[in-house]
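*Asks:* Pasting protein-v2.txt here (compact mmCIF, C-alpha atoms):
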# COMPACT_ATOMS: atom_id res chain seq x y z
CA MET A 1 -101.63 56.21 291.22
CA GLY A 2 -104.02 56.40 294.13
CA THR A 3 -101.42 55.96 296.81
CA VAL A 4 -101.81 57.29 300.36
CA SER A 5 -99.17 59.95 299.89
CA GLU A 6 -101.05 61.53 297.00
CA PRO A 7 -100.95 65.34 297.25
CA SER A 8 -104.29 66.99 297.87
CA TYR A 9 -104.45 68.99 294.63
CA ARG A 10 -104.69 65.74 292.72
CA LYS A 11 -107.98 64.95 294.37
CA ARG A 12 -109.64 68.08 293.01
CA VAL A 13 -112.11 67.86 290.16
CA GLY A 14 -110.27 70.70 288.47
CA TYR A 15 -107.11 68.63 288.28
CA HIS A 16 -108.97 65.73 286.66
CA ALA A 17 -110.71 68.00 284.20
CA GLY A 18 -107.49 69.81 283.39
CA LEU A 19 -105.63 66.54 282.94
CA LEU A 20 -108.24 65.16 280.59
CA TRP A 21 -108.35 68.42 278.69
CA ALA A 22 -104.59 68.54 278.35
CA MET A 23 -104.41 64.92 277.22
CA ALA A 24 -107.17 65.47 274.67
CA ALA A 25 -105.36 68.57 273.41
CA ILE A 26 -102.01 66.76 273.15
CA CYS A 27 -103.51 63.76 271.38
CA SER A 28 -105.46 65.95 268.98
CA ALA A 29 -102.36 68.00 268.26
CA ALA A 30 -100.38 64.81 267.61
CA MET A 31 -103.04 63.59 265.23
CA VAL A 32 -103.19 66.93 263.41
CA ILE A 33 -99.43 66.86 262.99
CA GLY A 34 -99.55 63.25 261.87
CA TYR A 35 -102.32 63.99 259.40
CA THR A 36 -100.61 67.00 257.84
CA ALA A 37 -97.23 65.27 257.75
CA THR A 38 -98.66 62.30 255.89
CA PHE A 39 -101.28 64.08 253.79
CA LYS A 40 -99.16 64.74 250.72
CA ASP A 41 -97.56 61.32 250.75
CA ILE A 42 -100.89 59.58 251.12
CA GLN A 43 -102.31 61.60 248.22
CA GLN A 44 -99.29 60.72 246.13
CA ARG A 45 -99.64 57.02 247.00
CA GLN A 46 -103.31 57.13 246.08
CA ARG A 47 -102.50 58.72 242.73
CA GLU A 48 -99.91 56.02 242.10
CA ASP A 49 -102.46 53.39 243.08
CA MET A 50 -105.00 54.91 240.73
CA LEU A 51 -102.54 54.97 237.88
CA SER A 52 -101.42 51.41 238.50
CA SER A 53 -104.99 50.15 238.64
CA LEU A 54 -105.74 52.06 235.43
CA ARG A 55 -102.74 50.38 233.84
CA GLN A 56 -104.02 46.98 234.84
CA VAL A 57 -107.36 47.45 233.12
CA MET A 58 -105.95 49.35 230.16
CA PRO A 59 -103.12 47.63 228.32
CA ASP A 60 -100.19 49.92 227.53
CA GLU A 61 -100.12 49.03 223.85
CA ILE A 62 -103.54 50.51 223.07
CA HIS A 63 -102.84 54.02 224.29
CA ASP A 64 -100.15 56.68 224.19
CA ASN A 65 -101.82 59.41 226.27
CA ASP A 66 -101.68 60.27 229.95
CA LEU A 67 -104.65 58.37 231.34
CA LEU A 68 -104.97 60.49 234.46
CA ALA A 69 -105.17 63.66 232.40
CA ASP A 70 -107.85 62.69 229.90
CA LYS A 71 -110.97 62.26 231.94
CA VAL A 72 -114.62 63.13 231.69
CA ASP A 73 -117.26 63.03 234.41
CA ILE A 74 -120.57 61.55 233.42
CA PRO A 75 -123.57 62.10 235.66
CA VAL A 76 -125.62 58.98 236.18
CA ASP A 77 -128.95 58.21 237.68
CA SER A 78 -127.98 56.69 241.01
CA ALA A 79 -130.64 54.04 240.45
CA VAL A 80 -128.58 52.71 237.57
CA ILE A 81 -125.35 52.31 239.50
CA ALA A 82 -125.86 52.17 243.20
CA GLY A 83 -124.02 54.77 245.22
CA ASN A 84 -122.53 56.85 242.42
CA THR A 85 -123.98 59.98 240.97
CA LEU A 86 -120.96 60.81 238.88
CA ILE A 87 -118.73 58.39 237.05
CA ARG A 88 -115.30 59.56 236.07
CA VAL A 89 -114.25 57.99 232.81
CA TYR A 90 -110.57 57.94 231.90
CA ARG A 91 -110.06 57.82 228.16
CA ALA A 92 -107.29 55.92 226.47
CA ARG A 93 -106.27 57.30 223.10
CA LYS A 94 -103.84 56.24 220.50
CA GLN A 95 -102.85 59.03 218.13
CA HIS A 96 -105.85 60.98 219.46
CA VAL A 97 -108.35 58.26 218.62
CA ALA A 98 -110.15 56.85 221.61
CA THR A 99 -109.30 53.19 222.05
CA GLY A 100 -110.70 52.41 225.46
CA PHE A 101 -112.38 53.70 228.56
CA ALA A 102 -111.65 53.01 232.19
CA TYR A 103 -113.96 53.91 235.01
CA GLN A 104 -114.64 53.14 238.60
CA ILE A 105 -117.85 51.56 239.77
CA THR A 106 -119.12 50.50 243.15
CA GLY A 107 -120.45 47.10 244.02
CA PHE A 108 -121.89 45.98 247.31
CA GLY A 109 -120.46 42.98 249.05
CA TYR A 110 -120.74 41.36 252.42
CA ALA A 111 -119.03 44.21 254.26
CA GLY A 112 -120.05 47.34 252.41
CA PRO A 113 -118.94 48.92 249.17
CA ILE A 114 -116.41 47.33 246.82
CA GLU A 115 -114.60 49.80 244.59
CA ILE A 116 -113.96 48.34 241.19
CA MET A 117 -111.96 49.70 238.26
CA MET A 118 -112.89 48.36 234.86
CA GLY A 119 -111.65 49.01 231.37
CA VAL A 120 -113.55 48.43 228.13
CA ASP A 121 -112.64 48.91 224.51
CA VAL A 122 -114.75 50.95 222.08
CA ASN A 123 -117.04 47.98 221.45
CA GLY A 124 -117.76 47.44 225.12
CA LYS A 125 -115.53 44.40 225.45
CA ILE A 126 -113.89 44.13 228.87
CA LEU A 127 -110.15 44.77 228.83
CA GLY A 128 -109.78 44.16 232.52
CA VAL A 129 -111.45 44.41 235.89
CA ARG A 130 -109.69 45.08 239.20
CA VAL A 131 -110.91 45.60 242.73
CA ILE A 132 -109.34 48.72 244.20
CA ALA A 133 -110.78 48.83 247.68
CA HIS A 134 -113.02 46.62 249.74
CA ALA A 135 -113.61 45.52 253.30
CA GLU A 136 -114.55 41.90 252.65
CA THR A 137 -113.54 39.15 255.03
CA PRO A 138 -109.80 38.40 254.83
CA GLY A 139 -109.29 34.83 253.68
CA LEU A 140 -112.80 34.51 252.25
CA GLY A 141 -114.15 37.41 250.26
CA ASP A 142 -110.76 38.91 249.50
CA LYS A 143 -110.23 36.44 246.66
CA ILE A 144 -111.67 39.17 244.45
CA GLU A 145 -108.24 40.80 244.67
CA VAL A 146 -105.98 39.78 241.83
CA LYS A 147 -103.14 39.26 244.31
CA LYS A 148 -105.08 36.61 246.16
CA SER A 149 -106.68 34.73 243.29
CA HIS A 150 -107.17 34.79 239.52
CA TRP A 151 -110.93 34.94 239.82
CA ILE A 152 -111.28 38.54 238.63
CA GLU A 153 -109.39 37.78 235.42
CA ALA A 154 -112.33 35.71 234.19
CA PHE A 155 -114.06 38.92 233.14
CA LYS A 156 -111.48 39.78 230.53
CA GLY A 157 -112.80 39.59 226.98
CA LEU A 158 -116.45 39.33 227.94
CA LEU A 159 -119.25 41.44 226.50
CA LEU A 160 -122.74 42.24 227.65
CA GLY A 161 -124.15 39.86 225.04
CA ALA A 162 -121.47 37.19 225.36
CA PRO A 163 -122.25 35.61 227.77
CA PRO A 164 -125.95 36.49 227.47
CA VAL A 165 -127.30 39.04 229.93
CA GLU A 166 -129.07 36.43 232.05
CA LYS A 167 -125.80 34.55 232.58
CA TRP A 168 -124.16 37.50 234.38
CA LEU A 169 -124.66 35.87 237.75
CA VAL A 170 -122.67 33.57 240.01
CA LYS A 171 -123.16 29.85 239.44
CA LYS A 172 -125.27 29.49 242.55
CA ASP A 173 -127.78 31.89 240.99
CA GLY A 174 -127.69 30.10 237.64
CA GLY A 175 -125.03 32.23 236.00
CA GLN A 176 -121.56 31.44 234.76
CA PHE A 177 -119.25 32.98 237.36
CA ASP A 178 -117.70 30.99 240.19
CA GLN A 179 -118.46 31.88 243.76
CA PHE A 180 -115.94 31.23 246.55
CA THR A 181 -116.08 28.68 249.29
CA GLY A 182 -117.72 30.52 252.12
CA ALA A 183 -118.34 33.70 250.21
CA THR A 184 -121.14 34.05 247.70
CA ILE A 185 -122.24 37.57 248.51
CA THR A 186 -118.88 39.11 247.59
CA PRO A 187 -118.55 37.67 244.04
CA ARG A 188 -122.27 38.22 243.51
CA GLY A 189 -121.75 41.91 244.27
CA VAL A 190 -118.76 42.14 241.93
CA VAL A 191 -120.52 40.38 239.04
CA LYS A 192 -123.54 42.64 239.44
CA ALA A 193 -121.38 45.75 239.53
CA VAL A 194 -119.41 44.75 236.42
CA LYS A 195 -122.64 44.05 234.58
CA GLN A 196 -123.94 47.46 235.60
CA GLY A 197 -120.66 48.95 234.48
CA LEU A 198 -121.16 47.47 231.03
CA GLU A 199 -124.73 48.72 230.91
CA PHE A 200 -123.43 52.16 231.84
CA PHE A 201 -121.03 52.03 228.89
CA GLN A 202 -123.80 50.95 226.53
CA GLN A 203 -125.91 53.92 227.59
CA HIS A 204 -123.16 56.49 227.25
CA LYS A 205 -121.22 54.96 224.38
CA GLN A 206 -122.52 57.57 221.93
CA SER A 207 -121.43 60.56 223.94
CA LEU A 208 -118.11 59.00 224.89
CA LEU A 209 -117.26 58.21 221.30
CA GLN A 210 -118.52 61.49 219.89
CA GLY A 211 -116.18 63.04 217.36
CA ASN A 212 -113.94 60.05 217.56
CA THR A 213 -113.67 59.63 213.80
CA ALA A 214 -111.83 62.92 213.40
CA PRO A 215 -108.33 62.51 214.80
CA ALA A 216 -107.79 66.26 214.77
CA ALA A 217 -110.51 66.67 217.39
CA GLY A 218 -107.81 65.83 219.86
CA LYS A 219 -108.46 66.37 223.49
CA SER A 220 -111.90 67.40 224.49
CA SER A 221 -112.23 68.22 228.11
CA MET B 1 -91.65 47.69 291.87
CA SER B 2 -88.64 46.12 290.31
CA ILE B 3 -89.62 43.23 288.16
CA LYS B 4 -87.09 41.15 286.28
CA PHE B 5 -87.05 41.22 282.51
CA SER B 6 -86.99 37.43 282.42
CA GLN B 7 -90.17 37.42 284.50
CA ILE B 8 -91.82 39.86 282.09
CA ALA B 9 -90.81 37.66 279.18
CA ARG B 10 -92.18 34.51 280.82
CA ASP B 11 -95.43 36.24 281.74
CA GLY B 12 -95.95 37.75 278.32
CA PHE B 13 -95.20 34.64 276.37
CA TRP B 14 -96.68 31.93 278.53
CA ASN B 15 -97.92 32.48 282.09
CA ASN B 16 -100.03 35.48 281.25
CA ASN B 17 -100.43 35.03 277.49
CA VAL B 18 -102.98 37.52 276.18
CA VAL B 19 -105.10 34.96 274.37
CA LEU B 20 -104.37 31.68 276.09
CA SER B 21 -104.30 32.80 279.71
CA GLN B 22 -106.02 36.16 279.95
CA THR B 23 -108.47 35.19 277.17
CA LEU B 24 -108.49 38.83 276.12
CA ALA B 25 -108.54 40.18 272.60
CA LEU B 26 -110.75 37.37 271.36
CA CYS B 27 -112.44 39.58 268.79
CA PRO B 28 -109.32 40.06 266.62
CA THR B 29 -108.20 36.53 267.44
CA LEU B 30 -111.33 34.99 266.02
CA ALA B 31 -111.90 37.53 263.27
CA VAL B 32 -108.60 37.59 261.41
CA THR B 33 -107.08 34.16 261.90
CA SER B 34 -108.60 32.50 258.86
CA THR B 35 -105.02 32.27 257.58
CA ALA B 36 -101.70 32.21 259.39
CA THR B 37 -100.51 35.24 257.43
CA ASN B 38 -103.43 37.34 258.58
CA GLY B 39 -102.76 36.28 262.15
CA LEU B 40 -99.12 37.25 261.78
CA GLY B 41 -100.00 40.65 260.32
CA MET B 42 -102.45 41.42 263.08
CA GLY B 43 -99.98 40.20 265.68
CA LEU B 44 -97.14 42.38 264.39
CA ALA B 45 -99.28 45.52 264.12
CA THR B 46 -100.66 44.93 267.61
CA THR B 47 -97.16 44.41 268.99
CA ALA B 48 -96.08 47.77 267.61
CA VAL B 49 -99.05 49.49 269.23
CA LEU B 50 -98.48 47.62 272.52
CA ILE B 51 -94.88 48.81 272.70
CA LEU B 52 -95.79 52.42 271.89
CA SER B 53 -98.78 52.54 274.21
CA GLY B 54 -96.72 50.96 276.98
CA MET B 55 -94.15 53.70 276.53
CA MET B 56 -96.66 56.56 276.46
CA VAL B 57 -98.73 55.34 279.38
CA SER B 58 -95.65 54.71 281.45
CA LEU B 59 -94.34 58.20 280.67
CA VAL B 60 -97.45 59.90 281.99
CA ARG B 61 -98.14 57.44 284.79
CA ASP B 62 -97.17 59.85 287.57
CA LEU B 63 -99.50 62.58 286.31
CA ILE B 64 -102.58 60.47 285.97
CA THR B 65 -105.07 59.98 288.78
CA SER B 66 -107.03 56.79 289.09
CA GLU B 67 -110.33 58.59 288.48
CA VAL B 68 -109.52 59.62 284.92
CA ARG B 69 -107.03 56.95 283.94
CA ILE B 70 -109.31 54.98 281.62
CA PRO B 71 -110.30 57.91 279.35
CA VAL B 72 -106.67 59.02 279.24
CA PHE B 73 -105.48 55.54 278.22
CA VAL B 74 -108.21 55.28 275.58
CA LEU B 75 -107.22 58.67 274.18
CA LEU B 76 -103.56 57.72 274.03
CA ILE B 77 -104.19 54.36 272.41
CA ALA B 78 -106.61 55.79 269.84
CA ALA B 79 -104.13 58.53 268.95
CA ILE B 80 -101.27 56.05 268.59
CA VAL B 81 -103.29 53.71 266.39
CA THR B 82 -104.44 56.60 264.20
CA ILE B 83 -100.90 57.88 263.74
CA VAL B 84 -99.54 54.39 263.05
CA ASP B 85 -102.30 53.93 260.48
CA LEU B 86 -101.53 57.27 258.77
CA SER B 87 -97.76 56.79 258.73
CA MET B 88 -98.03 53.27 257.35
CA ASN B 89 -100.38 54.50 254.66
CA ALA B 90 -97.91 57.21 253.68
CA TRP B 91 -94.55 55.51 254.00
CA LEU B 92 -95.17 51.75 254.09
CA HIS B 93 -97.90 51.76 251.55
CA GLU B 94 -97.50 48.18 250.32
CA LEU B 95 -97.65 46.80 253.84
CA HIS B 96 -100.57 49.07 254.60
CA LYS B 97 -102.54 47.60 251.71
CA VAL B 98 -102.20 44.18 253.32
CA LEU B 99 -102.63 45.18 256.96
CA GLY B 100 -104.91 48.15 256.35
CA LEU B 101 -107.99 46.17 257.19
CA PHE B 102 -106.70 45.22 260.60
CA ILE B 103 -105.14 48.40 261.92
CA PRO B 104 -108.29 50.25 262.97
CA LEU B 105 -109.40 47.04 264.68
CA ILE B 106 -106.49 47.36 267.08
CA VAL B 107 -108.23 50.18 268.94
CA THR B 108 -110.86 47.73 270.05
CA ASN B 109 -108.26 45.32 271.37
CA CYS B 110 -108.92 45.26 275.10
CA ALA B 111 -105.55 43.64 275.75
CA ILE B 112 -103.87 46.97 275.01
CA LEU B 113 -106.02 48.82 277.53
CA GLY B 114 -105.49 45.90 279.88
CA ARG B 115 -101.70 46.19 279.71
CA ALA B 116 -101.85 49.96 280.09
CA GLU B 117 -103.96 49.54 283.19
CA SER B 118 -102.26 46.61 284.85
CA PHE B 119 -98.64 47.06 283.83
CA ALA B 120 -97.55 50.25 282.10
CA SER B 121 -99.24 52.54 284.62
CA ARG B 122 -97.20 50.96 287.41
CA HIS B 123 -93.79 50.30 285.89
CA PRO B 124 -90.90 52.27 284.40
CA VAL B 125 -90.75 52.99 280.69
CA ARG B 126 -88.16 50.35 279.78
CA HIS B 127 -90.06 47.62 281.55
CA SER B 128 -93.35 48.72 280.03
CA MET B 129 -91.97 48.70 276.52
CA PHE B 130 -90.46 45.27 277.07
CA ASP B 131 -93.76 44.07 278.48
CA GLY B 132 -95.48 45.37 275.33
CA LEU B 133 -92.97 43.50 273.20
CA MET B 134 -93.39 40.23 275.06
CA MET B 135 -97.19 40.48 275.34
CA GLY B 136 -97.25 41.24 271.63
CA PHE B 137 -94.98 38.29 270.95
CA GLY B 138 -97.23 35.95 272.92
CA PHE B 139 -100.27 37.36 271.13
CA THR B 140 -98.63 36.98 267.71
CA VAL B 141 -97.64 33.38 268.38
CA SER B 142 -101.15 32.51 269.55
CA LEU B 143 -102.71 34.12 266.48
CA VAL B 144 -100.30 32.38 264.13
CA VAL B 145 -100.99 29.00 265.73
CA VAL B 146 -104.77 29.46 265.51
CA GLY B 147 -104.32 30.68 261.93
CA LEU B 148 -102.11 27.76 260.98
CA VAL B 149 -104.61 25.19 262.21
CA ARG B 150 -107.59 26.91 260.62
CA GLU B 151 -105.78 27.48 257.34
CA ALA B 152 -104.44 23.93 257.11
CA LEU B 153 -107.83 22.36 257.82
CA GLY B 154 -109.90 25.01 256.10
CA SER B 155 -108.03 25.70 252.88
CA GLY B 156 -105.21 23.16 252.82
CA THR B 157 -102.47 25.80 252.66
CA LEU B 158 -99.99 27.34 255.07
CA PHE B 159 -98.99 31.02 255.14
CA ALA B 160 -100.85 31.77 251.89
CA SER B 161 -99.80 35.19 250.52
CA ALA B 162 -97.13 35.59 253.18
CA SER B 163 -94.87 37.25 250.62
CA LEU B 164 -97.36 40.13 250.35
CA LEU B 165 -96.87 40.80 254.03
CA LEU B 166 -93.20 40.04 254.52
CA GLY B 167 -91.68 40.62 251.11
CA ASP B 168 -90.75 38.41 248.20
CA SER B 169 -87.95 36.66 250.08
CA PHE B 170 -90.58 34.88 252.16
CA HIS B 171 -92.14 32.99 249.27
CA PHE B 172 -90.76 29.78 250.74
CA LEU B 173 -93.22 30.02 253.63
CA GLU B 174 -96.18 29.61 251.32
CA LEU B 175 -97.04 25.94 251.28
CA THR B 176 -99.87 23.98 249.84
CA ILE B 177 -100.13 20.97 252.08
CA ILE B 178 -103.22 19.45 250.52
CA PRO B 179 -103.28 20.03 246.74
CA GLU B 180 -106.71 20.15 245.07
CA TYR B 181 -108.29 20.51 248.48
CA ARG B 182 -111.91 21.59 248.25
CA GLY B 183 -111.77 23.36 251.58
CA PHE B 184 -113.51 22.82 254.87
CA LEU B 185 -115.65 25.88 255.27
CA LEU B 186 -116.39 25.49 258.96
CA MET B 187 -112.76 26.13 259.86
CA ILE B 188 -112.57 29.36 257.89
CA LEU B 189 -115.81 30.74 259.27
CA PRO B 190 -115.97 32.03 262.87
CA PRO B 191 -117.02 28.68 264.41
CA GLY B 192 -113.66 27.28 263.30
CA GLY B 193 -111.96 30.02 265.28
CA PHE B 194 -113.91 29.15 268.40
CA LEU B 195 -113.18 25.45 267.98
CA VAL B 196 -109.44 25.87 267.50
CA LEU B 197 -109.23 28.39 270.32
CA GLY B 198 -111.11 26.05 272.64
CA PHE B 199 -108.73 23.20 271.91
CA LEU B 200 -105.72 25.47 272.37
CA LEU B 201 -106.99 26.76 275.71
CA ALA B 202 -107.64 23.23 276.91
CA GLY B 203 -104.25 22.15 275.62
CA LYS B 204 -102.47 24.90 277.50
CA ARG B 205 -104.27 24.04 280.75
CA LEU B 206 -103.34 20.38 280.33
CA LEU B 207 -99.73 21.24 279.61
CA ASP B 208 -99.55 23.61 282.56
CA ARG B 209 -100.96 20.94 284.84
CA LYS B 210 -98.48 18.35 283.62
CA LEU B 211 -95.61 20.76 284.03
CA ALA B 212 -96.76 21.71 287.50
CA ALA B 213 -96.94 18.06 288.43
CA THR B 214 -93.37 17.38 287.40
CA ASP B 215 -92.05 20.56 288.97
CA ASN B 216 -94.25 21.18 291.94
CA LYS B 217 -93.16 24.65 292.84
CA THR B 218 -93.40 27.01 289.89
CA ILE B 219 -94.06 27.02 286.23
CA PRO B 220 -90.95 25.38 284.82
CA VAL B 221 -87.71 27.21 284.30
CA GLU B 222 -86.91 25.78 280.89
CA PHE B 223 -89.31 28.25 279.30
CA SER B 224 -87.16 31.20 280.30
CA GLY B 225 -84.44 29.80 278.08
CA THR B 226 -86.61 29.72 274.97
CA ASP B 227 -88.14 33.08 275.80
CA GLN B 228 -84.85 34.84 275.97
CA ALA B 229 -83.57 33.23 272.85
CA THR B 230 -86.56 34.51 270.94
CA ALA B 231 -86.82 37.88 272.67
Would it be possible to restate this file's structure as structure tokens?

*Replies:*
Amino acid sequence: MGTVSEPSYRKRVGYHAGLLWAMAAICSAAMVIGYTATFKDIQQRQREDMLSSLRQVMPDEIHDNDLLADKVDIPVDSAVIAGNTLIRVYRARKQHVATGFAYQITGFGYAGPIEIMMGVDVNGKILGVRVIAHAETPGLGDKIEVKKSHWIEAFKGLLLGAPPVEKWLVKKDGGQFDQFTGATITPRGVVKAVKQGLEFFQQHKQSLLQGNTAPAAGKSS
Amino acid sequence: MSIKFSQIARDGFWNNNVVLSQTLALCPTLAVTSTATNGLGMGLATTAVLILSGMMVSLVRDLITSEVRIPVFVLLIAAIVTIVDLSMNAWLHELHKVLGLFIPLIVTNCAILGRAESFASRHPVRHSMFDGLMMGFGFTVSLVVVGLVREALGSGTLFASASLLLGDSFHFLELTIIPEYRGFLLMILPPGGFLVLGFLLAGKRLLDRKLAATDNKTIPVEFSGTDQATA
């Protein structure tokens, strides 16, 4: 590089431009190849992730259907649940009777959106809550992951009325949920999102449970 | 042109340590070292990118002119990081879930551009890859040390969730050194990173001075022994 014996063509602007162009083309080609080569596997991994997070919020013993197959999209006012205009609800059924609902909601933490999967039974009682994706600070806000701490398990069994609505806050704000050392915004965002998730279920309970008394109704799409 | 492998190892690990001597890559150093495990994860991912980028830059070093070298290096590094990110997501999915947060950050690691510029563009492929390995090793060790201190003082644990990163056989690394510890927030937050890093930098200077005083000529030879054993 830049030695005295450098041939003259290398000093031309055309050589520089051509070199940059060629490098950009090679790198783009490599990325396209990498993207296509990994696309299917990444999709597959994401489906597996989705299924495993559904399993965590929806106990196996209450359903016998394919969770990923029985889903319904419910349009929501984005003012009700920030960021989402459509909520995909996965229905759990046992012998064709709906036993629970799992859906994904978005909370807002310290570093952007937190994707949360939650499962409720037909009465709106929480079967489980799991964080699927987030960008919170490693070592601080990431205690919302079940792998890092048991915090998220505290939601299990709760209802919108028990604890009372005004207690759905972190302790710092006068509620009943713990915050973390050094991270209040993250758990605050999760608690708020779960509460909104329960409110969403309350609002759409009727339509979700429609025709549920007749087992023969089977799968509605 | 010919530089000895032992010299590369010494430079990468100690004399020219990315964090402690070059004081490069401070953004990832301060950002992810709230636990030793995070530091280790970042260090390993960065090492992989350093080796690959060293190889690629060294391969094209005779084609590149000094006028356009920086954009070419940036392109190469960004492409490598993207492909590493995609492949890990597809084929090492569990590891990607743990490291996923850190991988895109590697692009912003100026140490990688620094090594491309100052080493890989001037040395043969084998040497450049070895330099990437040793620089990465030095970087990883620095990050783990900063992480260990911050984690021990900040949360009272060592290598928390290391088994998520390294596999279940590494459960033994996870230690709670202070049970029922309420935590010392300052160490986990960024100021803790600056504090620990400052003490480490000062410590290295002191040590270097002491070593230079005992062996007046060069930085002591005994380090080459440890370097090669670990390399």

*Asks:* Which residues of chain A have any atom within 8 Å of an atom in chain B when counting all atoms listed in the file, and what is the closest pair of atoms for each, with the distance in Å to one decimal? Order the rows by chain and rising number and write it as a tab-separated table.

*Replies:*
residue	atom	partner	partner_atom	distance
A:Met1	CA	B:Thr65	CA	5.7
A:Gly2	CA	B:Ser66	CA	5.9
A:Arg10	CA	B:Thr65	CA	7.0
A:His16	CA	B:Val68	CA	6.4
A:Leu19	CA	B:Ile64	CA	7.4
A:Leu20	CA	B:Val72	CA	6.5
A:Met23	CA	B:Val72	CA	6.6
A:Ala24	CA	B:Leu75	CA	6.8
A:Cys27	CA	B:Ala79	CA	5.8
A:Ser28	CA	B:Ala79	CA	7.5
A:Ala30	CA	B:Ala79	CA	7.4
A:Met31	CA	B:Ile83	CA	6.3
A:Gly34	CA	B:Ile83	CA	5.8
A:Tyr35	CA	B:Leu86	CA	6.8
A:Thr38	CA	B:Ala90	CA	5.6
A:Phe39	CA	B:Ala90	CA	7.7
A:Asp41	CA	B:Ala90	CA	5.1
A:Ile42	CA	B:Ala90	CA	4.6
A:Arg45	CA	B:Ala90	CA	6.9
A:Ala135	CA	B:Leu101	CA	6.9
A:Pro138	CA	B:Val32	CA	6.7
A:Gly139	CA	B:Ser34	CA	5.7
A:Leu140	CA	B:Ile188	CA	7.6
A:Lys148	CA	B:Ser161	CA	7.0
A:Thr181	CA	B:Leu185	CA	6.6
A:Gly182	CA	B:Leu185	CA	6.0

*Asks:* Find, counting only C-alpha atoms, the residue in B:Glu174, B:Glu180, B:Asp131, B:Asp11 that gets nearest to Val49 (chain B).

*Replies:* B:Asp131

*Asks:* Rank nothing, just name the residue among A:Thr184, A:Gln210, A:Gln104, A:Gln179 nearest to Ile132 (chain A), using all atoms listed in the file.

*Replies:*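 With all atoms listed in the file as the atom set, the closest residue is A:Gln104.
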
*Asks:* Select, from A:Arg47, A:Lys143, A:Lys205, A:Arg88, the residue with the minimum atom-to-atom distance to Ile105 (chain A), counting only C-alpha atoms.

*Replies:* A:Arg88

*Asks:* May I have the protein, DNA and RNA residues with an atom at most 10 Å from (-115.9, 31.0, 269.0), counting only C-alpha atoms in the file's coordinates, returned as a ChimeraX atom specification?

*Replies:* /B:26-27,29-31,189-198

*Asks:* For C-alpha atoms, I'd like the residues from the last selection saved as a PDB file, in the coordinates of the input.

*Replies:*
ATOM      1  CA  LEU B  26    -110.750  37.370 271.360  1.00  0.00           C
ATOM      2  CA  CYS B  27    -112.440  39.580 268.790  1.00  0.00           C
ATOM      3  CA  THR B  29    -108.200  36.530 267.440  1.00  0.00           C
ATOM      4  CA  LEU B  30    -111.330  34.990 266.020  1.00  0.00           C
ATOM      5  CA  ALA B  31    -111.900  37.530 263.270  1.00  0.00           C
ATOM      6  CA  LEU B 189    -115.810  30.740 259.270  1.00  0.00           C
ATOM      7  CA  PRO B 190    -115.970  32.030 262.870  1.00  0.00           C
ATOM      8  CA  PRO B 191    -117.020  28.680 264.410  1.00  0.00           C
ATOM      9  CA  GLY B 192    -113.660  27.280 263.300  1.00  0.00           C
ATOM     10  CA  GLY B 193    -111.960  30.020 265.280  1.00  0.00           C
ATOM     11  CA  PHE B 194    -113.910  29.150 268.400  1.00  0.00           C
ATOM     12  CA  LEU B 195    -113.180  25.450 267.980  1.00  0.00           C
ATOM     13  CA  VAL B 196    -109.440  25.870 267.500  1.00  0.00           C
ATOM     14  CA  LEU B 197    -109.230  28.390 270.320  1.00  0.00           C
ATOM     15  CA  GLY B 198    -111.110  26.050 272.640  1.00  0.00           C
TER      16      GLY B 198
END

*Asks:* Figure out the distance between CA of Lys156 (chain A) and CA of Glu199 (chain A), please, to one decimal in Å.

*Replies:*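 It comes out at 16.0 Å.
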
*Asks:* For the point (-121.1, 39.3, 222.4) in file coordinates, what residues are within 12 Å, counting all atoms listed in the file? Give the answer as a PyMOL selection string?

*Replies:* chain A and resi 123-126+157-165+198

*Asks:* Quick one: distance from CA of Val131 (chain A) to CA of Glu115 (chain A) in Å, one decimal?

*Replies:*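 CA of Val131 (chain A) sits 5.9 Å away from CA of Glu115 (chain A).
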
*Asks:* Between CA of Thr140 (chain B) and CA of Phe159 (chain B), measure the distance and give it in Å to one decimal.

*Replies:* 13.9 Å
